[in-house]
Amino acid sequence: MIETEAELRSLLGTPSELASKKVIHHLDHHCVEFLSKSPFLVMATADKQGFCDVSPRGDRPGFVHVLNEKQFVIPERPGNKRVDSLRNILSNPRVGLQFFIPGLGETLRVNGKACIVRDDVLLEKMAVRGRKPLLGIGVDVEECFIHCAKALRRSGLWDTESWLEKELLPSAAKILFAHAKLPDSNVDTIQKSLEESYTKRLY
């Protein structure tokens, strides 16, 4: 087991000058353009004890509202009401985000501090279908940098020919039925509930 950075460096080496110098500490016009074209992100949070969570956020490209070069807001759309990320932010504001653009191998990573915002004027700007989000996640930017495409290329994530046939995909309803073990439920009722939430409760 490797226990020190020195051991790690002896095995993996040191980053190139480009990798070392690519970090900036604000949203320049390149970052703003990336956010304007990104429909999807993943957000990492942890509570004060260090228990971690990673949660997806997605909407039409540009759903993240940029306020200035140091701040943006992510609308909090309806979910399953577990509010794992929001509870973590209340006890530990540190967040790490990774933004994706379909078809692009490179991603944008942003690290900073988050807060939960409830500014009606601001949230109204992020309304969809006449419904504004009840809350938003405000982020104060501390680091921004481009992450290379190697992982996405190795995975073939955007290569539709590498995708499994639909009938071979895992079933969320079957997994939920097995894990939750709810009385008076079955795979079909859970599947219907999921479909209803996807079609009627996106906003």
# chains A, B, ... in the order shown; residues from 1 in each chain; ligands from 1
call {"tool": "select_by_dssp", "arguments": {"residues": "region 42-125 of chain A", "states": "strand (DSSP E)", "output": "count of residues only"}}
result
40
call {"tool": "select_by_dssp", "arguments": {"residues": "region 91-131 of chain A", "states": "helix (DSSP H, G or I)", "output": "NGL selection string"}}
result
:A and (91 or 120-124)
call {"tool": "residues_around", "arguments": {"residues": "Ile116 (chain A)", "least_positions_apart": "4", "cutoff": "7 Å", "atoms": "only C-alpha atoms", "output": "list of chain:residue names"}}
result
A:Leu135, A:Gly136, A:Ile137, A:Gly138
call {"tool": "residues_around", "arguments": {"residues": "Glu33 (chain A)", "least_positions_apart": "6", "cutoff": "12 Å", "atoms": "only C-alpha atoms", "output": "list in words"}}
result
Leu27, Pro61, Gly62, Val64, His65, Val66, Glu69, Phe99, Ile101 and Leu108 of chain A
call {"tool": "closest_residue", "arguments": {"among": "A:Lys125, A:Ser171, A:Asn92, A:Arg118", "to": "Thr45 (chain A)", "atoms": "only C-alpha atoms"}}
result
A:Asn92
call {"tool": "closest_residue", "arguments": {"among": "A:Ser91, A:Ser162, A:Thr199, A:Asn68", "to": "His26 (chain A)", "atoms": "only C-alpha atoms"}}
result
A:Asn68
call {"tool": "residues_around", "arguments": {"residues": "Val95 (chain A)", "least_positions_apart": "6", "cutoff": "10 Å", "atoms": "only C-alpha atoms", "output": "VMD selection string"}}
result
chain A and resid 43 to 46 54 85 88 to 89 110 to 115 139 to 141
call {"tool": "write_last_selection", "arguments": {"atoms": "N, CA and C atoms", "output": "compact mmCIF listing (two decimals), in the first residue's frame"}}
result
# COMPACT_ATOMS: atom_id res chain seq x y z
N MET A 43 -21.49 16.76 -9.24
CA MET A 43 -21.05 17.59 -8.13
C MET A 43 -20.67 16.71 -6.95
N ALA A 44 -19.45 16.88 -6.47
CA ALA A 44 -18.96 16.13 -5.32
C ALA A 44 -19.04 17.01 -4.07
N THR A 45 -19.60 16.44 -3.01
CA THR A 45 -19.68 17.13 -1.73
C THR A 45 -19.30 16.14 -0.62
N ALA A 46 -19.09 16.66 0.57
CA ALA A 46 -18.82 15.81 1.73
C ALA A 46 -19.35 16.52 2.96
N VAL A 54 -21.57 12.06 -4.58
CA VAL A 54 -21.47 12.64 -5.92
C VAL A 54 -22.86 12.59 -6.53
N SER A 85 -26.75 16.35 -1.31
CA SER A 85 -25.77 17.40 -1.60
C SER A 85 -26.05 18.65 -0.77
N ASN A 88 -25.03 18.23 2.82
CA ASN A 88 -23.57 18.30 2.94
C ASN A 88 -23.08 19.74 2.88
N ILE A 89 -23.62 20.51 1.94
CA ILE A 89 -23.19 21.90 1.79
C ILE A 89 -23.45 22.71 3.06
N VAL A 110 -14.30 22.47 -11.85
CA VAL A 110 -14.37 23.68 -11.05
C VAL A 110 -14.43 23.27 -9.58
N ASN A 111 -13.58 23.86 -8.77
CA ASN A 111 -13.58 23.64 -7.33
C ASN A 111 -13.86 24.96 -6.62
N GLY A 112 -14.55 24.89 -5.49
CA GLY A 112 -14.84 26.11 -4.77
C GLY A 112 -15.68 25.88 -3.53
N LYS A 113 -16.38 26.92 -3.13
CA LYS A 113 -17.26 26.86 -1.97
C LYS A 113 -18.69 27.12 -2.42
N ALA A 114 -19.61 26.38 -1.83
CA ALA A 114 -21.02 26.48 -2.22
C ALA A 114 -21.88 26.98 -1.08
N CYS A 115 -23.03 27.51 -1.45
CA CYS A 115 -24.05 27.90 -0.47
C CYS A 115 -25.40 27.66 -1.11
N VAL A 139 -22.08 28.95 -6.21
CA VAL A 139 -20.69 28.48 -6.13
C VAL A 139 -19.74 29.67 -6.27
N ASP A 140 -18.86 29.81 -5.30
CA ASP A 140 -17.75 30.76 -5.38
C ASP A 140 -16.54 30.02 -5.94
N VAL A 141 -16.09 30.43 -7.10
CA VAL A 141 -15.04 29.72 -7.83
C VAL A 141 -13.67 29.95 -7.20
call {"tool": "closest_residue", "arguments": {"among": "A:Cys148, A:Gly58, A:Glu142, A:Gly130", "to": "Ile24 (chain A)", "atoms": "only C-alpha atoms"}}
result
A:Glu142
call {"tool": "closest_residue", "arguments": {"among": "A:Cys31, A:Val83, A:Leu182, A:Val128", "to": "Glu143 (chain A)", "atoms": "only C-alpha atoms"}}
result
A:Cys31
call {"tool": "residues_around", "arguments": {"residues": "Lys132 (chain A)", "least_positions_apart": "6", "cutoff": "9 Å", "atoms": "only C-alpha atoms", "output": "PyMOL selection string"}}
result
chain A and resi 75+77+120+123-126+203
call {"tool": "atom_distance", "arguments": {"atom1": "CA of Glu167 (chain A)", "atom2": "CA of Ser197 (chain A)"}}
result
21.7 Å
call {"tool": "residues_around", "arguments": {"residues": "Ile190 (chain A)", "least_positions_apart": "5", "cutoff": "8 Å", "atoms": "only C-alpha atoms", "output": "ChimeraX atom specification"}}
result
/A:173,176-177,185
